[in-house]
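Participant: Structure provided below as structure tokens; questions to follow.
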Amino acid sequence: MSGGVYGGDEVSGIVFDAGSHSFRIGFAGEELPNFDIPSVAGIHEYETNDENSIMRREKKVHIGTTKMTVPRSNCEMKNFMHDGMIDDWDLFEQMLDFAYKDCLRTESQYHPVLFSESAWNEKAKREKLTELMFEKYNVPAFFVVKNAVLTAFSNGRTAGLVVDSGATQTSAVPVFDGYCVTHAVVRSPIGGDLICEQIEKMLAEQKIDLVPTYKIKSKEEVNENEPPRWTEKNGLPEVTESYDKYMRKQIVEDLAQSILQLCDSPIDVESAEKLPSSPYGFPNGFHKEFLAERIKVPEGLFDLKYLRDVDNSTLMNVSQIASTACGMCDIDIRPNLYSNLLVTGGNSLILGFTERLNHDLAHKCPPTVRLRLSAPPPAERRFGPWIGGSILASVGTFQQMWISKTEYEDGGRGIVEKKCP
């Protein structure tokens with residue numbers, strides 16, 4: 001045993017799953033995360049006078065949707081993640097402080113912590129996270145697990161190919177016997193953010209003005225395709241470009257969730273025109289029915305020629321990512337991977353994503369291989385790694401795996417490399 005039992009009825013562990021779009025937080029043993037906060041925060045700089053009337057620059061960090069949607073001057077939006085790894089450690093610490101104080105409302109020294117990490121996370125970042133949790137937050141025990149392994153656990157498996165399509169990128173990670181096959185990890189920067197950019201280009205072509213909610217005071221009801229009639233709020237502060245871009249992106253993300261759909265097989269233009277349209281109402285009152293464009297935009301994930309103004313020479317589509325990762329594995333485990341294909345990530349929630357991936361891979365994988373793609377319900381797909389972490393941290397046999405405070409004090413931050421594969 002590594003110093004005691006850290007789970008069970010008395011004290012539950014806390015599971016953190018940090019992504020490029022949102023930060024999932026909750027107690028182990030729960031079905032879904034208790035909190036899902038944006039990974040972006042508002043860094044607000046302002047000037048103030050101290051007691052000696054000397055002007056000083058102050059900095060305040062606004063975390064969570066409620067605080068971030070308030071327009072402020074000199075408020076830059078910043079993400080603490082980059083390339084699927086923690087990048088801005090100061091901001092990350094502020095996020096953890098917010099998680100403990102405002103979300104979970106508990107003290108860190110009472111709960112063991114399990115963190116998810118990307119399959120390509122760097123040794124230095126793992127060690128820094130370990131040191132931070134033990135030194136600053138004084139946690140009794142700590143563990144870090146690859147998010148692909150946790151996704152497999154959330155589906156009750158220890159092996160499979162985990163295709164994770166998130167905000168900044170899509171990756172395929174082979175998992176075997178509960179471990180990542182790290183040399184066969186394949187990823188490409190196509191994800192939700194790229195789809196949002198494509199939607200913005202489509203709206204600009206159609207001369208549809210994206211008016212963020214913070215500007216709108218009131219609006220009138222208009223018929224479909226009629227110019228919107230709305231009034232702007234008075235006395236708005238002069239916001240930064242990054243804040244305006246963030247608020248516009250909120251509308252684009254909502255639009256993507258509402259109208260986008262993928263066909264089960266590669267589309268031809270004629271069949272796309274015949275598909276039913278999907279209506280959408282913009283915050284400023286403008287209404288429009290979207291036709292073939294709602295099919296063509298997400299098609300870029302599977303057929304790169306549909307991506308506009310993007311250099312696709314270095315990109316791979318989703319089915320190429322998955323088949324390449326399988327091809328880089330030992331030939332003996334490939335059938336196991338193909339028959340346990342798991343899909344996760346917010347971008348995989350686009351209607352028809354799993355059916356299309358299944359169709360494309362059926363044409364790529366060897367004819368003797370039995371392809372079986374598992375697509376859990378939307379909530380499980382969105383929070384897959386967190387759910388896996390919640391299950392793992394509350395299993396009795398896992399309790400001896402934790403890195404205890406004593407072990408950290410004896411072995412230093414390098415202990416994470418020995419105990420967390």
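Scheme for the structure tokens: letters A, B, ... for chains in order shown; per-chain residue numbers from 1; ligand numbers from 1 in order shown.
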Excluding Ser116 of chain A and any residue of its chain fewer than 2 positions from it, enumerate the residues within 10 Å of it, using only C-alpha atoms, and give them as a list of chain:residue names.
Facilitator: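 Everything that qualifies: A:Val15, A:Phe16, A:Asp17, A:Ala18, A:Gly19, A:Leu114, A:Ser118, A:Ala119, A:Phe143, A:Val144, A:Val145, A:Lys146, A:Asn147, A:Ala148, A:Val149, A:Leu150, A:Pro385, A:Trp386, A:Gly388, A:Gly389.
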Participant: Give me, as JSON, numbers by chain, the residues of segment 278-390 of chain A that a backbone DSSP run labels helix (DSSP H, G or I).
Facilitator: {"A": [293, 294, 295, 296, 297, 298, 299, 304, 305, 306, 312, 313, 314, 318, 319, 320, 321, 322, 323, 324, 325, 326, 327, 334, 335, 336, 337, 338, 346, 347, 348, 349, 353, 354, 355, 356, 357, 358, 359, 360, 361, 362, 363, 364, 378, 379, 380, 381, 382, 384, 385, 386, 387, 388, 389, 390]}
Participant: Please identify the strand (DSSP E or B) residues within segment 264-344 of chain A (assignment by DSSP from backbone atoms) and present them as a list in words.
Facilitator: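 Selecting the strand (DSSP E or B) positions of segment 264-344 of chain A gives Ser278, Pro279, Tyr280, Gly281, His287, Lys288, Glu289, Phe290, Leu341, Leu342, Val343 and Thr344 of chain A.
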Participant: Go through A:Arg57, A:Gln250, A:Cys103, A:Gln320 and flag the residue nearest Pro33 of chain A, using only C-alpha atoms for the distances.
Facilitator: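 Among A:Arg57, A:Gln250, A:Cys103, A:Gln320, it is A:Cys103 that comes nearest to Pro33 of chain A.
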Participant: With distances taken over only C-alpha atoms, which of A:Lys405, A:His363, A:Lys78, A:Arg372 is nearest to Asp90 of chain A?
Facilitator: A:Lys78
Participant: Residues within 9 Å of segment 239-242 of chain A, please, as a list in words. Count only C-alpha atoms; anything in the same chain fewer than 6 positions from it doesn't count.
Facilitator: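 Here the answer would be Pro71, Arg72, Ser73, Asn74, Cys75, Glu76, Met77 and Lys78 of chain A.
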Participant: Go ahead and write the residues just picked, N, CA and C atoms, as a JSON list (two decimals), in the first residue's frame.
Facilitator:
```json
[["chain", "number", "residue", "atom", "x", "y", "z"],
["A", 71, "PRO", "N", -18.99, 42.51, -20.84],
["A", 71, "PRO", "CA", -17.98, 43.26, -21.61],
["A", 71, "PRO", "C", -17.17, 44.21, -20.73],
["A", 72, "ARG", "N", -15.85, 44.17, -20.88],
["A", 72, "ARG", "CA", -14.96, 45.06, -20.13],
["A", 72, "ARG", "C", -13.88, 45.56, -21.06],
["A", 73, "SER", "N", -13.39, 46.76, -20.81],
["A", 73, "SER", "CA", -12.27, 47.26, -21.62],
["A", 73, "SER", "C", -10.98, 46.60, -21.13],
["A", 74, "ASN", "N", -10.01, 46.46, -22.03],
["A", 74, "ASN", "CA", -8.70, 45.86, -21.71],
["A", 74, "ASN", "C", -8.80, 44.46, -21.12],
["A", 75, "CYS", "N", -9.79, 43.68, -21.57],
["A", 75, "CYS", "CA", -9.94, 42.31, -21.09],
["A", 75, "CYS", "C", -9.59, 41.35, -22.24],
["A", 76, "GLU", "N", -8.43, 40.71, -22.12],
["A", 76, "GLU", "CA", -7.97, 39.78, -23.16],
["A", 76, "GLU", "C", -8.39, 38.35, -22.80],
["A", 77, "MET", "N", -8.86, 37.61, -23.79],
["A", 77, "MET", "CA", -9.25, 36.22, -23.56],
["A", 77, "MET", "C", -8.05, 35.31, -23.81],
["A", 78, "LYS", "N", -7.76, 34.45, -22.85],
["A", 78, "LYS", "CA", -6.57, 33.60, -22.96],
["A", 78, "LYS", "C", -6.88, 32.17, -22.54]]
```
Participant: Looking at A:Leu275, A:Cys263, A:Cys365, A:Met328, which one is nearest to Ile350 of chain A, with distances taken over only C-alpha atoms?
Facilitator: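 Distance minimum relative to Ile350 of chain A lands on A:Cys263.
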Participant: Tell me, as a PyMOL selection string, which residues lie within 10 Å of Val181 of chain A, counting only C-alpha atoms; anything in the same chain fewer than 5 positions away does not count.
Facilitator: chain A and resi 119+161+173-176+325+328-330
Participant: Give me the residues near Glu355 of chain A as an MDAnalysis selection string, where near means some atom within 12 Å (using only C-alpha atoms) and where sequence neighbours in that chain fewer than 4 positions away do not count.
Facilitator: chainID A and resid 261:266 302 319 343 348:351 359:362 372:375
Participant: Please provide as a list of chain:residue names all residues within 9 Å of Lys233 of chain A, with the sequence filter that same-chain residues fewer than 4 positions apart are discarded (counting only C-alpha atoms).
Facilitator: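 Near neighbours after the sequence-gap exclusion: A:Tyr214, A:Lys215, A:Ile216, A:Lys217, A:Ser218.
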Participant: Could the residues in this selection be written to a file with C-alpha atoms, as a PDB file, in the first residue's frame?
Facilitator:
```pdb
ATOM      1  CA  TYR A 214     -23.297  41.634 -25.452  1.00  0.00           C
ATOM      2  CA  LYS A 215     -24.100  44.321 -28.080  1.00  0.00           C
ATOM      3  CA  ILE A 216     -27.850  43.633 -28.314  1.00  0.00           C
ATOM      4  CA  LYS A 217     -30.277  45.684 -26.218  1.00  0.00           C
ATOM      5  CA  SER A 218     -33.519  44.599 -27.906  1.00  0.00           C
TER       6      SER A 218
END
```
